[in-house]
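Below is final-v1.json, which holds JSON, C-alpha atoms.
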```
[["chain", "number", "residue", "atom", "x", "y", "z"],
["A", 1, "THR", "CA", 0.00, 0.00, 0.00],
["A", 2, "ALA", "CA", 1.34, 3.42, -0.93],
["A", 3, "LEU", "CA", 1.85, 5.89, 1.90],
["A", 4, "GLN", "CA", 0.72, 9.50, 1.86],
["A", 5, "LEU", "CA", 3.09, 12.03, 3.46],
["A", 6, "PHE", "CA", 2.67, 15.51, 4.93],
["A", 7, "TYR", "CA", 5.87, 17.00, 6.35],
["A", 8, "VAL", "CA", 6.57, 20.45, 7.81],
["A", 9, "PRO", "CA", 10.09, 21.43, 8.90],
["A", 10, "SER", "CA", 10.45, 23.29, 12.19],
["A", 11, "MET", "CA", 14.18, 23.96, 12.49],
["A", 12, "ARG", "CA", 17.64, 23.12, 11.24],
["A", 13, "ASN", "CA", 19.33, 20.12, 12.85],
["A", 14, "GLY", "CA", 22.15, 21.93, 14.61],
["A", 15, "ARG", "CA", 24.18, 24.99, 13.72],
["A", 16, "ASN", "CA", 27.49, 23.18, 13.37],
["A", 17, "ALA", "CA", 26.30, 20.04, 11.67],
["A", 18, "THR", "CA", 28.58, 18.89, 8.86],
["A", 19, "ASP", "CA", 25.56, 18.03, 6.75],
["A", 20, "PRO", "CA", 22.70, 20.17, 8.14],
["A", 21, "GLU", "CA", 19.16, 19.00, 7.60],
["A", 22, "ASP", "CA", 15.68, 20.01, 8.66],
["A", 23, "ARG", "CA", 13.81, 18.59, 11.63],
["A", 24, "GLY", "CA", 10.05, 18.69, 11.80],
["A", 25, "ASN", "CA", 6.87, 16.66, 12.01],
["A", 26, "ALA", "CA", 5.34, 14.25, 9.53],
["A", 27, "ILE", "CA", 2.08, 12.40, 9.09],
["A", 28, "LEU", "CA", 2.17, 9.13, 7.16],
["A", 29, "ALA", "CA", -1.09, 7.46, 6.20],
["A", 30, "THR", "CA", -2.38, 4.71, 3.95],
["A", 31, "PHE", "CA", -5.37, 6.96, 3.15],
["A", 32, "PRO", "CA", -5.20, 10.13, 1.05],
["A", 33, "LEU", "CA", -4.46, 13.17, 3.23],
["A", 34, "ALA", "CA", -6.74, 16.22, 3.00],
["A", 35, "ASN", "CA", -6.70, 19.67, 4.59],
["A", 36, "PRO", "CA", -3.01, 19.69, 5.60],
["A", 37, "THR", "CA", -2.43, 22.41, 8.18],
["A", 38, "ALA", "CA", 0.61, 23.70, 10.06],
["A", 39, "ILE", "CA", 0.10, 25.32, 13.49],
["A", 40, "ASP", "CA", 3.02, 27.31, 14.91],
["A", 41, "LEU", "CA", 3.16, 26.72, 18.66],
["A", 42, "PRO", "CA", 4.21, 29.43, 21.13],
["A", 43, "PHE", "CA", 7.98, 29.80, 21.26],
["A", 44, "GLU", "CA", 9.68, 28.31, 24.31],
["A", 45, "ARG", "CA", 13.19, 27.29, 23.23],
["A", 46, "ALA", "CA", 12.91, 26.40, 19.56],
["A", 47, "ARG", "CA", 10.37, 26.77, 16.77],
["A", 48, "ARG", "CA", 7.75, 24.04, 17.07],
["A", 49, "VAL", "CA", 5.06, 23.34, 14.49],
["A", 50, "ALA", "CA", 2.16, 20.95, 15.06],
["A", 51, "ILE", "CA", 0.62, 19.55, 11.89],
["A", 52, "THR", "CA", -2.82, 18.21, 11.06],
["A", 53, "ALA", "CA", -4.34, 16.38, 8.11],
["A", 54, "ASP", "CA", -7.61, 14.54, 7.57],
["A", 55, "ILE", "CA", -8.28, 11.03, 6.37],
["A", 56, "ALA", "CA", -11.73, 9.83, 5.34],
["A", 57, "GLY", "CA", -13.51, 6.68, 4.28],
["A", 58, "THR", "CA", -16.71, 4.68, 4.54],
["A", 59, "THR", "CA", -17.94, 1.82, 6.69],
["A", 60, "ALA", "CA", -21.25, -0.03, 6.80],
["A", 61, "ALA", "CA", -22.47, 2.78, 9.09],
["A", 62, "GLY", "CA", -21.58, 5.52, 6.59],
["A", 63, "THR", "CA", -18.78, 7.95, 5.89],
["A", 64, "TRP", "CA", -16.22, 9.06, 8.44],
["A", 65, "ARG", "CA", -13.42, 11.60, 8.80],
["A", 66, "ILE", "CA", -10.53, 11.57, 11.29],
["A", 67, "ARG", "CA", -8.20, 14.49, 11.92],
["A", 68, "LEU", "CA", -4.60, 13.34, 12.52],
["A", 69, "VAL", "CA", -2.41, 15.65, 14.64],
["A", 70, "ASN", "CA", 1.35, 15.31, 15.15],
["A", 71, "LEU", "CA", 3.19, 17.51, 17.64],
["A", 72, "HIS", "CA", 6.55, 17.91, 19.35],
["A", 73, "LEU", "CA", 6.55, 20.04, 22.50],
["A", 74, "ASP", "CA", 9.70, 21.67, 23.81],
["A", 75, "ALA", "CA", 11.72, 19.70, 26.37],
["A", 76, "ARG", "CA", 12.74, 22.95, 28.05],
["A", 77, "SER", "CA", 12.15, 26.66, 27.76],
["A", 78, "SER", "CA", 14.71, 29.34, 26.98],
["A", 79, "TRP", "CA", 17.21, 30.30, 29.69],
["A", 80, "ARG", "CA", 15.31, 33.48, 30.55],
["A", 81, "ASN", "CA", 12.12, 31.43, 31.05],
["A", 82, "LEU", "CA", 13.82, 28.38, 32.55],
["A", 83, "PRO", "CA", 11.21, 27.76, 35.30],
["A", 84, "ARG", "CA", 8.63, 27.06, 32.55],
["A", 85, "SER", "CA", 10.75, 24.00, 31.62],
["A", 86, "PHE", "CA", 9.11, 22.16, 34.49],
["A", 87, "GLY", "CA", 5.80, 21.89, 32.65],
["A", 88, "ALA", "CA", 4.32, 25.36, 32.17],
["A", 89, "GLY", "CA", 5.96, 25.85, 28.76],
["A", 90, "ARG", "CA", 4.60, 22.58, 27.40],
["A", 91, "ALA", "CA", 1.18, 23.35, 28.91],
["A", 92, "ARG", "CA", 1.23, 26.70, 27.11],
["A", 93, "GLN", "CA", 2.03, 25.00, 23.79],
["A", 94, "MET", "CA", -0.65, 22.33, 24.31],
["A", 95, "HIS", "CA", -3.29, 24.91, 25.23],
["A", 96, "TRP", "CA", -2.47, 26.83, 22.04],
["A", 97, "LEU", "CA", -2.88, 23.68, 19.95],
["A", 98, "LEU", "CA", -6.15, 22.66, 21.58],
["A", 99, "GLU", "CA", -7.52, 26.18, 21.07],
["A", 100, "ALA", "CA", -6.57, 25.95, 17.38],
["A", 101, "LEU", "CA", -8.57, 22.70, 17.16],
["A", 102, "ARG", "CA", -11.48, 24.03, 19.25],
["A", 103, "ASP", "CA", -13.96, 24.69, 16.43],
["A", 104, "ASP", "CA", -13.25, 21.37, 14.78],
["A", 105, "ASP", "CA", -15.78, 18.68, 15.64],
["A", 106, "ALA", "CA", -13.82, 16.02, 13.76],
["A", 107, "TYR", "CA", -12.84, 12.79, 15.38],
["A", 108, "THR", "CA", -9.18, 13.21, 16.18],
["A", 109, "VAL", "CA", -6.01, 11.22, 16.86],
["A", 110, "LEU", "CA", -3.37, 13.39, 18.54],
["A", 111, "GLY", "CA", 0.12, 12.08, 19.06],
["A", 112, "GLY", "CA", 3.77, 12.96, 19.31],
["A", 113, "ASP", "CA", 6.65, 13.79, 21.60],
["A", 114, "PHE", "CA", 5.17, 15.57, 24.62],
["A", 115, "ASN", "CA", 8.55, 15.67, 26.41],
["A", 116, "SER", "CA", 6.69, 15.02, 29.66],
["A", 117, "TRP", "CA", 9.87, 14.47, 31.66],
["A", 118, "VAL", "CA", 8.92, 16.36, 34.81],
["A", 119, "GLY", "CA", 5.51, 15.14, 35.88],
["A", 120, "GLY", "CA", 5.20, 12.10, 33.67],
["A", 121, "ALA", "CA", 1.57, 11.12, 33.22],
["A", 122, "ASN", "CA", 0.47, 13.94, 35.54],
["A", 123, "GLU", "CA", 2.15, 16.76, 33.67],
["A", 124, "PRO", "CA", -0.40, 19.48, 32.77],
["A", 125, "ALA", "CA", 0.22, 19.15, 29.01],
["A", 126, "LEU", "CA", -0.92, 15.51, 29.29],
["A", 127, "ARG", "CA", -4.00, 16.21, 31.38],
["A", 128, "MET", "CA", -5.27, 18.93, 29.02],
["A", 129, "PRO", "CA", -6.33, 16.68, 26.13],
["A", 130, "GLU", "CA", -8.40, 14.57, 28.55],
["A", 131, "LYS", "CA", -10.28, 17.72, 29.61],
["A", 132, "TRP", "CA", -11.05, 18.31, 25.92],
["A", 133, "GLY", "CA", -12.62, 14.86, 25.46],
["A", 134, "PHE", "CA", -9.57, 12.83, 24.44],
["A", 135, "VAL", "CA", -8.79, 9.38, 25.82],
["A", 136, "ARG", "CA", -5.16, 8.50, 26.48],
["A", 137, "GLY", "CA", -3.98, 5.59, 24.37],
["A", 138, "THR", "CA", -0.33, 5.47, 25.41],
["A", 139, "PRO", "CA", 0.72, 1.99, 26.54],
["A", 140, "PRO", "CA", 1.21, 2.05, 30.33],
["A", 141, "GLY", "CA", 4.53, 1.42, 31.99],
["A", 142, "GLY", "CA", 6.94, 1.64, 29.11],
["A", 143, "SER", "CA", 8.92, 4.44, 27.60],
["A", 144, "THR", "CA", 9.68, 5.16, 23.99],
["A", 145, "TRP", "CA", 12.90, 6.98, 24.84],
["A", 146, "ASP", "CA", 16.32, 5.31, 25.10],
["A", 147, "LEU", "CA", 16.86, 6.44, 28.70],
["A", 148, "ARG", "CA", 13.48, 5.06, 29.81],
["A", 149, "TRP", "CA", 14.70, 4.47, 33.35],
["A", 150, "PHE", "CA", 15.50, 8.18, 33.71],
["A", 151, "LEU", "CA", 12.65, 10.16, 32.20],
["A", 152, "GLY", "CA", 9.71, 7.82, 31.80],
["A", 153, "VAL", "CA", 7.18, 8.10, 29.00],
["A", 154, "LEU", "CA", 7.71, 11.09, 26.68],
["A", 155, "ASP", "CA", 5.63, 10.08, 23.64],
["A", 156, "HIS", "CA", 1.87, 9.77, 23.74],
["A", 157, "VAL", "CA", -1.23, 9.16, 21.63],
["A", 158, "PHE", "CA", -4.70, 10.46, 22.47],
["A", 159, "TYR", "CA", -7.98, 9.59, 20.76],
["A", 160, "ARG", "CA", -11.26, 11.54, 20.47],
["A", 161, "LEU", "CA", -13.55, 9.15, 18.61],
["A", 162, "PRO", "CA", -17.22, 8.11, 18.50],
["A", 163, "SER", "CA", -18.49, 5.81, 21.20],
["A", 164, "GLY", "CA", -17.95, 2.19, 20.27],
["A", 165, "ALA", "CA", -14.72, 2.86, 18.40],
["A", 166, "ALA", "CA", -11.84, 0.55, 19.29],
["A", 167, "THR", "CA", -8.23, 1.71, 19.55],
["A", 168, "GLN", "CA", -4.89, 0.09, 20.17],
["A", 169, "THR", "CA", -1.49, 1.72, 20.63],
["A", 170, "ARG", "CA", 1.84, -0.04, 20.75],
["A", 171, "GLU", "CA", 5.51, 0.80, 20.64],
["A", 172, "ILE", "CA", 7.60, -0.27, 17.66],
["A", 173, "GLU", "CA", 11.00, -1.59, 18.73],
["A", 174, "ASP", "CA", 12.94, -0.24, 15.72],
["A", 175, "ALA", "CA", 13.77, 3.43, 16.34],
["A", 176, "TYR", "CA", 14.81, 3.99, 12.69],
["A", 177, "GLY", "CA", 17.83, 6.08, 13.76],
["A", 178, "SER", "CA", 15.98, 8.18, 16.35],
["A", 179, "ASP", "CA", 16.49, 8.31, 20.12],
["A", 180, "HIS", "CA", 12.73, 7.56, 20.43],
["A", 181, "ARG", "CA", 10.85, 4.48, 19.31],
["A", 182, "PRO", "CA", 7.64, 5.25, 17.38],
["A", 183, "LEU", "CA", 4.15, 4.55, 18.60],
["A", 184, "LEU", "CA", 1.70, 2.89, 16.24],
["A", 185, "GLY", "CA", -2.01, 3.50, 16.75],
["A", 186, "TRP", "CA", -4.93, 1.62, 15.24],
["A", 187, "VAL", "CA", -8.50, 2.87, 15.08],
["A", 188, "ARG", "CA", -11.47, 0.71, 14.28],
["A", 189, "LEU", "CA", -14.65, 2.76, 13.96],
["A", 190, "ASP", "CA", -16.98, -0.19, 13.35],
["A", 191, "PRO", "CA", -15.73, -2.93, 15.71],
["A", 192, "ASP", "CA", -18.64, -5.34, 14.99]]
```
Please re-express this file's structure in structure tokens.
Amino acid sequence: TALQLFYVPSMRNGRNATDPEDRGNAILATFPLANPTAIDLPFERARRVAITADIAGTTAAGTWRIRLVNLHLDARSSWRNLPRSFGAGRARQMHWLLEALRDDDAYTVLGGDFNSWVGGANEPALRMPEKWGFVRGTPPGGSTWDLRWFLGVLDHVFYRLPSGAATQTREIEDAYGSDHRPLLGWVRLDPD
């Protein structure tokens, strides 16, 4: 099956890199992607851009549309705002994103690197999606980061779907050259 790709660069990969390249967020899907959107998040330490795109299809119950959202929150804030590194900066970025999605009644899958190293599962940026009707789908207990014993779970997936929808999220062992292992989420809208 051919994959559809939407990629938005956020920053260069280091000032002194021998072979500099962009870093950013991507959405890969086996369905055609529609309505690709880039949302600049409030600046904390580096430029961060959340991206969204829609997929659509039909089931026996009718047509459906799911908004896919990929984000990468800052691990820490700038030196002058260093206290916000302990969660307030990421909460500010998450609030901005959720406000940008506010008027969208689409079913949504939201995932990415939340950098929730301070409060883990209780960090404010992780509690916010639940207040907006999302259900956490991150596998409990593990970590997708190489130093899992040190920082806990940094990457998460949240779902806002119709009642009766089934979801599953799992970690993929191959990191594909990253210091994080990807999460793979499945959605089944018509589980019967």
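For the pair atom CA of Leu33 of chain A and atom CA of Trp64 of chain A, the interatomic distance is 13.5 Å.
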Residue with the minimum atom-to-atom distance to Leu41 of chain A, picked from A:Ala165, A:Leu68, A:Ile27, A:Met94 with all atoms listed in the file counted, is A:Met94
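Here atom CA of Asp155 of chain A stands at a distance of 25.8 Å from atom CA of Ala2 of chain A.
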Give the answer as one residue: which of A:Asn122, A:Thr52, A:Thr167, A:Asn115 has the shortest atom-to-atom distance to Ala34 of chain A, using only C-alpha atoms? A:Thr52
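Near Thr58 of chain A, within 12 Å and counting only C-alpha atoms, sit Phe31, Thr63, Trp64, Arg65, Ile66, Arg188, Leu189 and Asp190 of chain A, not including residues fewer than 5 positions from it in the same chain.
As for atom CA of Ala53 of chain A and atom CA of Asn13 of chain A, they are spaced 24.4 Å apart.
With all atoms listed in the file as the atoms that count, the minimum distance from Arg160 of chain A to the choices A:Arg67, A:Arg102, A:Arg23, A:Arg47 is reached by A:Arg67.
Shortest separation to Gln168 of chain A among A:Arg45, A:Ala50, A:Leu183, A:Asp105 occurs at residue A:Leu183, atoms counted being only C-alpha atoms.
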